[in-house]
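Novice: So I've got this file, my_file_13.cif, and it contains mmCIF, N, CA and C atoms:
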data_protein
loop_
_atom_site.label_atom_id
_atom_site.label_comp_id
_atom_site.auth_asym_id
_atom_site.auth_seq_id
_atom_site.Cartn_x
_atom_site.Cartn_y
_atom_site.Cartn_z
N MET A 1122 0.82 -1.18 0.00
CA MET A 1122 0.00 0.00 0.00
C MET A 1122 0.87 1.25 0.00
N ARG A 1123 2.03 1.15 0.67
CA ARG A 1123 2.92 2.30 0.69
C ARG A 1123 3.43 2.60 -0.71
N ARG A 1124 3.73 1.54 -1.50
CA ARG A 1124 4.21 1.75 -2.87
C ARG A 1124 3.15 2.39 -3.75
N MET A 1125 1.92 2.16 -3.41
CA MET A 1125 0.83 2.72 -4.20
C MET A 1125 0.53 4.16 -3.78
N GLY A 1126 1.20 4.65 -2.74
CA GLY A 1126 1.03 6.03 -2.31
C GLY A 1126 -0.07 6.25 -1.30
N MET A 1127 -0.59 5.17 -0.74
CA MET A 1127 -1.69 5.32 0.22
C MET A 1127 -1.18 5.78 1.59
N PHE A 1128 0.02 5.39 1.93
CA PHE A 1128 0.63 5.81 3.19
C PHE A 1128 1.93 6.53 2.86
N PRO A 1129 2.12 7.72 3.40
CA PRO A 1129 3.37 8.43 3.12
C PRO A 1129 4.55 7.76 3.83
N GLU A 1130 5.73 7.98 3.31
CA GLU A 1130 6.94 7.45 3.93
C GLU A 1130 7.11 8.09 5.31
N PRO A 1131 7.47 7.30 6.30
CA PRO A 1131 7.68 7.89 7.63
C PRO A 1131 8.89 8.83 7.61
N LYS A 1132 8.76 9.92 8.35
CA LYS A 1132 9.86 10.88 8.43
C LYS A 1132 10.98 10.28 9.28
N PRO A 1133 12.22 10.48 8.87
CA PRO A 1133 13.32 9.95 9.67
C PRO A 1133 13.38 10.66 11.02
N LYS A 1134 13.66 9.89 12.06
CA LYS A 1134 13.74 10.45 13.41
C LYS A 1134 15.04 11.23 13.57
N LYS A 1135 14.93 12.37 14.26
CA LYS A 1135 16.12 13.16 14.53
C LYS A 1135 16.97 12.45 15.57
N LYS A 1136 18.27 12.49 15.37
CA LYS A 1136 19.18 11.88 16.32
C LYS A 1136 19.19 12.72 17.60
N TYR A 1137 19.15 12.06 18.74
CA TYR A 1137 19.15 12.74 20.03
C TYR A 1137 20.48 13.45 20.24
N GLN A 1138 20.40 14.73 20.54
CA GLN A 1138 21.59 15.52 20.85
C GLN A 1138 21.50 15.98 22.30
N PRO A 1139 22.29 15.40 23.19
CA PRO A 1139 22.22 15.85 24.58
C PRO A 1139 22.72 17.28 24.72
N LYS A 1140 22.14 17.99 25.69
CA LYS A 1140 22.58 19.35 25.95
C LYS A 1140 23.97 19.31 26.58
N PRO A 1141 24.83 20.24 26.20
CA PRO A 1141 26.16 20.24 26.82
C PRO A 1141 26.06 20.62 28.29
N TYR A 1142 26.94 20.03 29.10
CA TYR A 1142 26.94 20.31 30.53
C TYR A 1142 27.44 21.72 30.76
N GLU A 1143 26.71 22.46 31.55
CA GLU A 1143 27.06 23.83 31.86
C GLU A 1143 27.97 23.86 33.09
N GLN A 1144 29.23 24.23 32.91
CA GLN A 1144 30.17 24.30 34.02
C GLN A 1144 29.86 25.51 34.89
N MET A 1145 29.90 25.32 36.18
CA MET A 1145 29.69 26.42 37.11
C MET A 1145 30.98 27.22 37.23
N THR A 1146 30.85 28.52 37.45
CA THR A 1146 32.03 29.39 37.49
C THR A 1146 32.37 29.86 38.90
N HIS A 1147 31.44 29.73 39.85
CA HIS A 1147 31.71 30.15 41.22
C HIS A 1147 30.78 29.40 42.19
N PRO A 1148 31.19 29.30 43.46
CA PRO A 1148 30.35 28.61 44.45
C PRO A 1148 28.99 29.27 44.60
N GLY A 1149 27.96 28.47 44.74
CA GLY A 1149 26.61 28.97 44.94
C GLY A 1149 25.85 29.26 43.67
N GLU A 1150 26.51 29.16 42.53
CA GLU A 1150 25.81 29.43 41.27
C GLU A 1150 24.63 28.47 41.10
N ARG A 1151 24.83 27.22 41.50
CA ARG A 1151 23.72 26.27 41.48
C ARG A 1151 23.99 25.17 42.50
N ILE A 1152 22.96 24.87 43.31
CA ILE A 1152 23.05 23.71 44.19
C ILE A 1152 21.97 22.72 43.76
N GLN A 1153 22.26 21.45 43.94
CA GLN A 1153 21.30 20.40 43.61
C GLN A 1153 20.80 19.78 44.91
N ILE A 1154 19.49 19.55 44.96
CA ILE A 1154 18.87 18.96 46.15
C ILE A 1154 18.14 17.68 45.74
N ASP A 1155 18.32 16.65 46.56
CA ASP A 1155 17.63 15.38 46.31
C ASP A 1155 17.29 14.73 47.64
N VAL A 1156 16.38 13.75 47.58
CA VAL A 1156 15.93 13.03 48.78
C VAL A 1156 16.08 11.54 48.53
N LYS A 1157 16.58 10.83 49.53
CA LYS A 1157 16.69 9.38 49.47
C LYS A 1157 16.14 8.79 50.76
N VAL A 1158 15.60 7.60 50.66
CA VAL A 1158 15.13 6.88 51.85
C VAL A 1158 16.33 6.23 52.52
N ILE A 1159 16.46 6.42 53.82
CA ILE A 1159 17.53 5.76 54.57
C ILE A 1159 17.06 4.34 54.87
N PRO A 1160 17.81 3.32 54.46
CA PRO A 1160 17.37 1.93 54.71
C PRO A 1160 17.21 1.67 56.20
N ARG A 1161 16.22 0.87 56.55
CA ARG A 1161 15.92 0.59 57.96
C ARG A 1161 17.09 -0.12 58.65
N ARG A 1162 17.86 -0.89 57.91
CA ARG A 1162 18.98 -1.60 58.53
C ARG A 1162 20.10 -0.63 58.96
N CYS A 1163 20.04 0.60 58.48
CA CYS A 1163 21.03 1.62 58.86
C CYS A 1163 20.57 2.46 60.05
N ILE A 1164 19.37 2.20 60.55
CA ILE A 1164 18.80 2.96 61.66
C ILE A 1164 18.66 2.02 62.86
N ALA A 1165 19.01 2.50 64.04
CA ALA A 1165 18.95 1.67 65.25
C ALA A 1165 17.53 1.23 65.57
N ASP A 1166 16.56 2.12 65.38
CA ASP A 1166 15.16 1.80 65.67
C ASP A 1166 14.50 1.27 64.40
N PRO A 1167 14.12 -0.02 64.36
CA PRO A 1167 13.55 -0.58 63.13
C PRO A 1167 12.19 -0.01 62.75
N GLU A 1168 11.51 0.63 63.70
CA GLU A 1168 10.20 1.21 63.42
C GLU A 1168 10.31 2.61 62.81
N LEU A 1169 11.47 3.23 62.97
CA LEU A 1169 11.67 4.60 62.51
C LEU A 1169 11.96 4.61 61.01
N ARG A 1170 11.36 5.57 60.32
CA ARG A 1170 11.61 5.74 58.89
C ARG A 1170 12.16 7.15 58.70
N LEU A 1171 13.32 7.26 58.05
CA LEU A 1171 13.95 8.56 57.84
C LEU A 1171 14.24 8.80 56.36
N PHE A 1172 14.24 10.07 56.00
CA PHE A 1172 14.55 10.50 54.64
C PHE A 1172 15.74 11.44 54.69
N GLN A 1173 16.74 11.17 53.88
CA GLN A 1173 17.94 12.00 53.84
C GLN A 1173 17.81 13.03 52.74
N TYR A 1174 17.83 14.29 53.13
CA TYR A 1174 17.84 15.41 52.19
C TYR A 1174 19.30 15.81 52.00
N THR A 1175 19.72 16.00 50.76
CA THR A 1175 21.09 16.35 50.45
C THR A 1175 21.13 17.56 49.53
N ALA A 1176 21.98 18.51 49.85
CA ALA A 1176 22.22 19.66 48.98
C ALA A 1176 23.71 19.67 48.63
N ILE A 1177 24.03 19.76 47.34
CA ILE A 1177 25.41 19.75 46.88
C ILE A 1177 25.65 20.99 46.02
N ASP A 1178 26.69 21.74 46.37
CA ASP A 1178 27.09 22.87 45.54
C ASP A 1178 27.86 22.30 44.35
N GLU A 1179 27.42 22.62 43.13
CA GLU A 1179 28.03 22.04 41.94
C GLU A 1179 29.47 22.48 41.72
N TYR A 1180 29.81 23.67 42.15
CA TYR A 1180 31.17 24.17 41.91
C TYR A 1180 32.16 23.60 42.92
N SER A 1181 31.86 23.74 44.20
CA SER A 1181 32.80 23.32 45.24
C SER A 1181 32.58 21.88 45.70
N ARG A 1182 31.44 21.27 45.35
CA ARG A 1182 31.05 19.92 45.77
C ARG A 1182 30.83 19.84 47.28
N LEU A 1183 30.62 20.97 47.93
CA LEU A 1183 30.33 21.02 49.36
C LEU A 1183 28.93 20.45 49.60
N HIS A 1184 28.80 19.56 50.61
CA HIS A 1184 27.53 18.88 50.90
C HIS A 1184 26.90 19.40 52.18
N PHE A 1185 25.58 19.43 52.19
CA PHE A 1185 24.81 19.66 53.41
C PHE A 1185 23.76 18.57 53.48
N LEU A 1186 23.68 17.86 54.61
CA LEU A 1186 22.75 16.75 54.78
C LEU A 1186 21.86 16.99 55.99
N ALA A 1187 20.64 16.47 55.91
CA ALA A 1187 19.73 16.49 57.06
C ALA A 1187 18.76 15.32 56.91
N ALA A 1188 18.31 14.79 58.04
CA ALA A 1188 17.35 13.68 58.04
C ALA A 1188 16.01 14.19 58.56
N TYR A 1189 14.94 13.74 57.91
CA TYR A 1189 13.58 14.12 58.30
C TYR A 1189 12.72 12.86 58.42
N PRO A 1190 11.73 12.87 59.31
CA PRO A 1190 10.87 11.70 59.47
C PRO A 1190 9.82 11.57 58.37
N GLU A 1191 9.66 12.60 57.54
CA GLU A 1191 8.69 12.52 56.46
C GLU A 1191 9.24 13.20 55.21
N GLN A 1192 8.72 12.78 54.09
CA GLN A 1192 9.11 13.35 52.80
C GLN A 1192 7.92 14.19 52.32
N SER A 1193 7.99 15.49 52.54
CA SER A 1193 6.86 16.35 52.22
C SER A 1193 7.36 17.70 51.74
N THR A 1194 6.42 18.51 51.25
CA THR A 1194 6.78 19.86 50.82
C THR A 1194 7.22 20.70 52.01
N TYR A 1195 6.66 20.44 53.19
CA TYR A 1195 7.04 21.19 54.38
C TYR A 1195 8.48 20.86 54.79
N SER A 1196 8.83 19.58 54.76
CA SER A 1196 10.21 19.17 55.07
C SER A 1196 11.17 19.76 54.04
N SER A 1197 10.77 19.76 52.78
CA SER A 1197 11.62 20.29 51.72
C SER A 1197 11.85 21.78 51.89
N ALA A 1198 10.79 22.52 52.21
CA ALA A 1198 10.93 23.96 52.42
C ALA A 1198 11.82 24.25 53.62
N ASP A 1199 11.64 23.49 54.70
CA ASP A 1199 12.48 23.65 55.89
C ASP A 1199 13.94 23.34 55.56
N PHE A 1200 14.16 22.25 54.82
CA PHE A 1200 15.53 21.88 54.45
C PHE A 1200 16.17 22.95 53.57
N LEU A 1201 15.42 23.48 52.62
CA LEU A 1201 15.96 24.52 51.74
C LEU A 1201 16.39 25.75 52.54
N GLN A 1202 15.56 26.17 53.49
CA GLN A 1202 15.92 27.33 54.32
C GLN A 1202 17.18 27.05 55.14
N LYS A 1203 17.26 25.85 55.72
CA LYS A 1203 18.45 25.50 56.50
C LYS A 1203 19.69 25.41 55.62
N ALA A 1204 19.54 24.85 54.42
CA ALA A 1204 20.68 24.71 53.51
C ALA A 1204 21.20 26.07 53.07
N VAL A 1205 20.30 26.97 52.72
CA VAL A 1205 20.72 28.31 52.29
C VAL A 1205 21.46 29.02 53.42
N ARG A 1206 20.93 28.92 54.65
CA ARG A 1206 21.62 29.54 55.80
C ARG A 1206 22.98 28.88 56.04
N TRP A 1207 23.06 27.54 55.91
CA TRP A 1207 24.31 26.81 56.12
C TRP A 1207 25.36 27.23 55.10
N PHE A 1208 24.97 27.31 53.83
CA PHE A 1208 25.92 27.74 52.80
C PHE A 1208 26.33 29.20 53.02
N LYS A 1209 25.39 30.04 53.44
CA LYS A 1209 25.68 31.46 53.66
C LYS A 1209 26.72 31.64 54.77
N ARG A 1210 26.63 30.82 55.85
CA ARG A 1210 27.62 30.90 56.94
C ARG A 1210 29.02 30.54 56.44
N ARG A 1211 29.10 29.83 55.34
CA ARG A 1211 30.39 29.46 54.76
C ARG A 1211 30.79 30.39 53.61
N GLY A 1212 30.08 31.50 53.48
CA GLY A 1212 30.42 32.50 52.47
C GLY A 1212 29.92 32.19 51.07
N ILE A 1213 28.95 31.30 50.96
CA ILE A 1213 28.41 30.92 49.64
C ILE A 1213 26.99 31.44 49.53
N HIS A 1214 26.76 32.32 48.58
CA HIS A 1214 25.42 32.86 48.32
C HIS A 1214 24.75 31.98 47.26
N VAL A 1215 23.67 31.30 47.62
CA VAL A 1215 22.97 30.40 46.71
C VAL A 1215 22.15 31.22 45.72
N GLU A 1216 22.43 31.03 44.43
CA GLU A 1216 21.73 31.76 43.37
C GLU A 1216 20.63 30.92 42.72
N CYS A 1217 20.86 29.62 42.62
CA CYS A 1217 19.93 28.75 41.89
C CYS A 1217 19.87 27.39 42.58
N VAL A 1218 18.67 26.81 42.63
CA VAL A 1218 18.48 25.48 43.21
C VAL A 1218 17.87 24.58 42.15
N GLN A 1219 18.48 23.42 41.95
CA GLN A 1219 17.98 22.45 40.98
C GLN A 1219 17.50 21.20 41.72
N THR A 1220 16.28 20.75 41.38
CA THR A 1220 15.74 19.52 41.95
C THR A 1220 15.27 18.62 40.81
N ASP A 1221 14.81 17.43 41.17
CA ASP A 1221 14.27 16.52 40.16
C ASP A 1221 12.76 16.70 39.98
N ASN A 1222 12.19 17.75 40.55
CA ASN A 1222 10.76 18.04 40.49
C ASN A 1222 9.90 16.92 41.07
N GLY A 1223 10.44 16.21 42.05
CA GLY A 1223 9.65 15.23 42.77
C GLY A 1223 8.52 15.91 43.52
N PHE A 1224 7.53 15.13 43.94
CA PHE A 1224 6.36 15.73 44.59
C PHE A 1224 6.74 16.53 45.83
N GLU A 1225 7.84 16.14 46.49
CA GLU A 1225 8.23 16.85 47.70
C GLU A 1225 8.78 18.25 47.42
N PHE A 1226 9.11 18.54 46.17
CA PHE A 1226 9.63 19.86 45.80
C PHE A 1226 8.61 20.71 45.06
N THR A 1227 7.42 20.19 44.86
CA THR A 1227 6.38 20.93 44.17
C THR A 1227 5.15 21.02 45.06
N ASN A 1228 4.19 21.81 44.67
CA ASN A 1228 2.95 21.96 45.44
C ASN A 1228 1.82 21.11 44.87
N ARG A 1229 2.15 20.14 44.05
CA ARG A 1229 1.09 19.36 43.39
C ARG A 1229 0.15 18.69 44.37
N PHE A 1230 0.69 18.14 45.46
CA PHE A 1230 -0.14 17.39 46.39
C PHE A 1230 -0.35 18.11 47.71
N SER A 1231 0.00 19.37 47.76
CA SER A 1231 -0.13 20.14 48.99
C SER A 1231 -1.41 20.97 48.93
N PRO A 1232 -2.21 20.97 50.00
CA PRO A 1232 -3.43 21.79 49.98
C PRO A 1232 -3.12 23.28 49.96
N SER A 1233 -1.97 23.65 50.47
CA SER A 1233 -1.57 25.06 50.49
C SER A 1233 -0.54 25.31 49.40
N LYS A 1234 -0.65 26.45 48.72
CA LYS A 1234 0.31 26.77 47.67
C LYS A 1234 1.49 27.57 48.20
N LYS A 1235 1.41 28.02 49.45
CA LYS A 1235 2.49 28.80 50.02
C LYS A 1235 3.34 27.90 50.91
N THR A 1236 4.67 27.82 50.64
CA THR A 1236 5.53 26.94 51.42
C THR A 1236 6.44 27.70 52.36
N CYS A 1237 6.69 28.97 52.12
CA CYS A 1237 7.62 29.72 52.98
C CYS A 1237 6.91 30.87 53.64
#
Give the structure from this file in structure tokens form.
Specialist:
Amino acid sequence: MRRMGMFPEPKPKKKYQPKPYEQMTHPGERIQIDVKVIPRRCIADPELRLFQYTAIDEYSRLHFLAAYPEQSTYSSADFLQKAVRWFKRRGIHVECVQTDNGFEFTNRFSPSKKTC
């Protein structure tokens, strides 16, 4: 049917071109924040569930960690405020924050749209 012209030839797919990595030029230009579940075998109390929030400065690779009992927008907002203050005490002014847009960093599931 394609030879008879009933179906057009499929367009060739464009080859994927990844974006070039943007090198940071100074501390605080961008920090990345992520959350991981701390395995129960790493916690003394087997009933306790903890989430590790991590902030990493892309230029200096300086880390800030904190553990929270829940993974929520409120914990994320609290962690962000603490991280910014922690970096500021070390002379780093945070200009940009990058996350993976997980639910804990957005207001999608929060009844309130104001986090700070």
Novice: Which residues fall under the PyMOL selection byres (((chain A and resi 1149 and name CA) around 7) and name CA) in this file, as a list of chain:residue names?
Specialist: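 Matching residues under the PyMOL selection byres (((chain A and resi 1149 and name CA) around 7) and name CA) are A:His1147, A:Pro1148, A:Glu1150, A:Arg1151, A:Ile1152, A:Asp1178, A:Ile1213, A:His1214, A:Val1215, A:Glu1216.
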Novice: Name the residues of region 1129-1227 of chain A that come out as strand (DSSP E or B) in a backbone DSSP run; write them as a ChimeraX atom specification.
Specialist: /A:1152-1159,1171-1178,1184-1189,1218-1219
Novice: Suppose you want the space between CA of Ser1181 (chain A) and CA of Glu1143 (chain A); what is it in Å?
Specialist: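 So the two atoms, CA of Ser1181 (chain A) and CA of Glu1143 (chain A), lie 14.6 Å apart.
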Novice: Given the file above and the PyMOL selection byres ((chain A and resi 1159) around 5), which residues are selected, and can you give them as a ChimeraX atom specification?
Specialist: /A:1157-1158,1160-1161,1171-1173
Novice: Tell me which residues the PyMOL selection byres (((chain A and resi 1182-1193 and name CA) around 8) and name CA) grabs here, as a PDB file with N, CA and C atoms, in the frame of the given file.
Specialist:
ATOM      1  N   VAL A1156      16.380  13.750  47.580  1.00  0.00           N
ATOM      2  CA  VAL A1156      15.930  13.030  48.780  1.00  0.00           C
ATOM      3  C   VAL A1156      16.080  11.540  48.530  1.00  0.00           C
ATOM      4  N   LEU A1169      11.470   3.230  62.970  1.00  0.00           N
ATOM      5  CA  LEU A1169      11.670   4.600  62.510  1.00  0.00           C
ATOM      6  C   LEU A1169      11.960   4.610  61.010  1.00  0.00           C
ATOM      7  N   ARG A1170      11.360   5.570  60.320  1.00  0.00           N
ATOM      8  CA  ARG A1170      11.610   5.740  58.890  1.00  0.00           C
ATOM      9  C   ARG A1170      12.160   7.150  58.700  1.00  0.00           C
ATOM     10  N   LEU A1171      13.320   7.260  58.050  1.00  0.00           N
ATOM     11  CA  LEU A1171      13.950   8.560  57.840  1.00  0.00           C
ATOM     12  C   LEU A1171      14.240   8.800  56.360  1.00  0.00           C
ATOM     13  N   PHE A1172      14.240  10.070  56.000  1.00  0.00           N
ATOM     14  CA  PHE A1172      14.550  10.500  54.640  1.00  0.00           C
ATOM     15  C   PHE A1172      15.740  11.440  54.690  1.00  0.00           C
ATOM     16  N   GLN A1173      16.740  11.170  53.880  1.00  0.00           N
ATOM     17  CA  GLN A1173      17.940  12.000  53.840  1.00  0.00           C
ATOM     18  C   GLN A1173      17.810  13.030  52.740  1.00  0.00           C
ATOM     19  N   TYR A1174      17.830  14.290  53.130  1.00  0.00           N
ATOM     20  CA  TYR A1174      17.840  15.410  52.190  1.00  0.00           C
ATOM     21  C   TYR A1174      19.300  15.810  52.000  1.00  0.00           C
ATOM     22  N   THR A1175      19.720  16.000  50.760  1.00  0.00           N
ATOM     23  CA  THR A1175      21.090  16.350  50.450  1.00  0.00           C
ATOM     24  C   THR A1175      21.130  17.560  49.530  1.00  0.00           C
ATOM     25  N   ALA A1176      21.980  18.510  49.850  1.00  0.00           N
ATOM     26  CA  ALA A1176      22.220  19.660  48.980  1.00  0.00           C
ATOM     27  C   ALA A1176      23.710  19.670  48.630  1.00  0.00           C
ATOM     28  N   ILE A1177      24.030  19.760  47.340  1.00  0.00           N
ATOM     29  CA  ILE A1177      25.410  19.750  46.880  1.00  0.00           C
ATOM     30  C   ILE A1177      25.650  20.990  46.020  1.00  0.00           C
ATOM     31  N   ASP A1178      26.690  21.740  46.370  1.00  0.00           N
ATOM     32  CA  ASP A1178      27.090  22.870  45.540  1.00  0.00           C
ATOM     33  C   ASP A1178      27.860  22.300  44.350  1.00  0.00           C
ATOM     34  N   GLU A1179      27.420  22.620  43.130  1.00  0.00           N
ATOM     35  CA  GLU A1179      28.030  22.040  41.940  1.00  0.00           C
ATOM     36  C   GLU A1179      29.470  22.480  41.720  1.00  0.00           C
ATOM     37  N   TYR A1180      29.810  23.670  42.150  1.00  0.00           N
ATOM     38  CA  TYR A1180      31.170  24.170  41.910  1.00  0.00           C
ATOM     39  C   TYR A1180      32.160  23.600  42.920  1.00  0.00           C
ATOM     40  N   SER A1181      31.860  23.740  44.200  1.00  0.00           N
ATOM     41  CA  SER A1181      32.800  23.320  45.240  1.00  0.00           C
ATOM     42  C   SER A1181      32.580  21.880  45.700  1.00  0.00           C
ATOM     43  N   THR A1194       6.420  18.510  51.250  1.00  0.00           N
ATOM     44  CA  THR A1194       6.780  19.860  50.820  1.00  0.00           C
ATOM     45  C   THR A1194       7.220  20.700  52.010  1.00  0.00           C
ATOM     46  N   TYR A1195       6.660  20.440  53.190  1.00  0.00           N
ATOM     47  CA  TYR A1195       7.040  21.190  54.380  1.00  0.00           C
ATOM     48  C   TYR A1195       8.480  20.860  54.790  1.00  0.00           C
ATOM     49  N   SER A1196       8.830  19.580  54.760  1.00  0.00           N
ATOM     50  CA  SER A1196      10.210  19.170  55.070  1.00  0.00           C
ATOM     51  C   SER A1196      11.170  19.760  54.040  1.00  0.00           C
ATOM     52  N   SER A1197      10.770  19.760  52.780  1.00  0.00           N
ATOM     53  CA  SER A1197      11.620  20.290  51.720  1.00  0.00           C
ATOM     54  C   SER A1197      11.850  21.780  51.890  1.00  0.00           C
ATOM     55  N   PHE A1200      14.160  22.250  54.820  1.00  0.00           N
ATOM     56  CA  PHE A1200      15.530  21.880  54.450  1.00  0.00           C
ATOM     57  C   PHE A1200      16.170  22.950  53.570  1.00  0.00           C
ATOM     58  N   ALA A1204      19.540  24.850  54.420  1.00  0.00           N
ATOM     59  CA  ALA A1204      20.680  24.710  53.510  1.00  0.00           C
ATOM     60  C   ALA A1204      21.200  26.070  53.070  1.00  0.00           C
ATOM     61  N   TRP A1207      23.060  27.540  55.910  1.00  0.00           N
ATOM     62  CA  TRP A1207      24.310  26.810  56.120  1.00  0.00           C
ATOM     63  C   TRP A1207      25.360  27.230  55.100  1.00  0.00           C
ATOM     64  N   PHE A1224       7.530  15.130  43.940  1.00  0.00           N
ATOM     65  CA  PHE A1224       6.360  15.730  44.590  1.00  0.00           C
ATOM     66  C   PHE A1224       6.740  16.530  45.830  1.00  0.00           C
ATOM     67  N   GLU A1225       7.840  16.140  46.490  1.00  0.00           N
ATOM     68  CA  GLU A1225       8.230  16.850  47.700  1.00  0.00           C
ATOM     69  C   GLU A1225       8.780  18.250  47.420  1.00  0.00           C
ATOM     70  N   PHE A1226       9.110  18.540  46.170  1.00  0.00           N
ATOM     71  CA  PHE A1226       9.630  19.860  45.800  1.00  0.00           C
ATOM     72  C   PHE A1226       8.610  20.710  45.060  1.00  0.00           C
TER      73      PHE A1226
END
Novice: At what distance in Å, to one decimal, does CA of Asp1155 (chain A) lie from atom N of Gly1223 (chain A)?
Specialist: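 Those two atoms sit 8.4 Å apart.
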Novice: For atom N of Ile1154 (chain A) and CA of Asp1221 (chain A), determine how far apart the two atoms are, in Å to one decimal place.
Specialist: 7.7 Å
Novice: Name the residues of region 1135-1225 of chain A that come out as helix (DSSP H, G or I) in a backbone DSSP run; write them as a PyMOL selection string.
Specialist: chain A and resi 1161-1163+1194-1210+1224-1225
Novice: Would you save the residues of that selection, restricted to N, CA and C atoms, as a JSON list (two decimals), keeping the file's coordinate frame?
Specialist:
[["chain", "number", "residue", "atom", "x", "y", "z"],
["A", 1161, "ARG", "N", 16.22, 0.87, 56.55],
["A", 1161, "ARG", "CA", 15.92, 0.59, 57.96],
["A", 1161, "ARG", "C", 17.09, -0.12, 58.65],
["A", 1162, "ARG", "N", 17.86, -0.89, 57.91],
["A", 1162, "ARG", "CA", 18.98, -1.60, 58.53],
["A", 1162, "ARG", "C", 20.10, -0.63, 58.96],
["A", 1163, "CYS", "N", 20.04, 0.60, 58.48],
["A", 1163, "CYS", "CA", 21.03, 1.62, 58.86],
["A", 1163, "CYS", "C", 20.57, 2.46, 60.05],
["A", 1194, "THR", "N", 6.42, 18.51, 51.25],
["A", 1194, "THR", "CA", 6.78, 19.86, 50.82],
["A", 1194, "THR", "C", 7.22, 20.70, 52.01],
["A", 1195, "TYR", "N", 6.66, 20.44, 53.19],
["A", 1195, "TYR", "CA", 7.04, 21.19, 54.38],
["A", 1195, "TYR", "C", 8.48, 20.86, 54.79],
["A", 1196, "SER", "N", 8.83, 19.58, 54.76],
["A", 1196, "SER", "CA", 10.21, 19.17, 55.07],
["A", 1196, "SER", "C", 11.17, 19.76, 54.04],
["A", 1197, "SER", "N", 10.77, 19.76, 52.78],
["A", 1197, "SER", "CA", 11.62, 20.29, 51.72],
["A", 1197, "SER", "C", 11.85, 21.78, 51.89],
["A", 1198, "ALA", "N", 10.79, 22.52, 52.21],
["A", 1198, "ALA", "CA", 10.93, 23.96, 52.42],
["A", 1198, "ALA", "C", 11.82, 24.25, 53.62],
["A", 1199, "ASP", "N", 11.64, 23.49, 54.70],
["A", 1199, "ASP", "CA", 12.48, 23.65, 55.89],
["A", 1199, "ASP", "C", 13.94, 23.34, 55.56],
["A", 1200, "PHE", "N", 14.16, 22.25, 54.82],
["A", 1200, "PHE", "CA", 15.53, 21.88, 54.45],
["A", 1200, "PHE", "C", 16.17, 22.95, 53.57],
["A", 1201, "LEU", "N", 15.42, 23.48, 52.62],
["A", 1201, "LEU", "CA", 15.96, 24.52, 51.74],
["A", 1201, "LEU", "C", 16.39, 25.75, 52.54],
["A", 1202, "GLN", "N", 15.56, 26.17, 53.49],
["A", 1202, "GLN", "CA", 15.92, 27.33, 54.32],
["A", 1202, "GLN", "C", 17.18, 27.05, 55.14],
["A", 1203, "LYS", "N", 17.26, 25.85, 55.72],
["A", 1203, "LYS", "CA", 18.45, 25.50, 56.50],
["A", 1203, "LYS", "C", 19.69, 25.41, 55.62],
["A", 1204, "ALA", "N", 19.54, 24.85, 54.42],
["A", 1204, "ALA", "CA", 20.68, 24.71, 53.51],
["A", 1204, "ALA", "C", 21.20, 26.07, 53.07],
["A", 1205, "VAL", "N", 20.30, 26.97, 52.72],
["A", 1205, "VAL", "CA", 20.72, 28.31, 52.29],
["A", 1205, "VAL", "C", 21.46, 29.02, 53.42],
["A", 1206, "ARG", "N", 20.93, 28.92, 54.65],
["A", 1206, "ARG", "CA", 21.62, 29.54, 55.80],
["A", 1206, "ARG", "C", 22.98, 28.88, 56.04],
["A", 1207, "TRP", "N", 23.06, 27.54, 55.91],
["A", 1207, "TRP", "CA", 24.31, 26.81, 56.12],
["A", 1207, "TRP", "C", 25.36, 27.23, 55.10],
["A", 1208, "PHE", "N", 24.97, 27.31, 53.83],
["A", 1208, "PHE", "CA", 25.92, 27.74, 52.80],
["A", 1208, "PHE", "C", 26.33, 29.20, 53.02],
["A", 1209, "LYS", "N", 25.39, 30.04, 53.44],
["A", 1209, "LYS", "CA", 25.68, 31.46, 53.66],
["A", 1209, "LYS", "C", 26.72, 31.64, 54.77],
["A", 1210, "ARG", "N", 26.63, 30.82, 55.85],
["A", 1210, "ARG", "CA", 27.62, 30.90, 56.94],
["A", 1210, "ARG", "C", 29.02, 30.54, 56.44],
["A", 1224, "PHE", "N", 7.53, 15.13, 43.94],
["A", 1224, "PHE", "CA", 6.36, 15.73, 44.59],
["A", 1224, "PHE", "C", 6.74, 16.53, 45.83],
["A", 1225, "GLU", "N", 7.84, 16.14, 46.49],
["A", 1225, "GLU", "CA", 8.23, 16.85, 47.70],
["A", 1225, "GLU", "C", 8.78, 18.25, 47.42]]
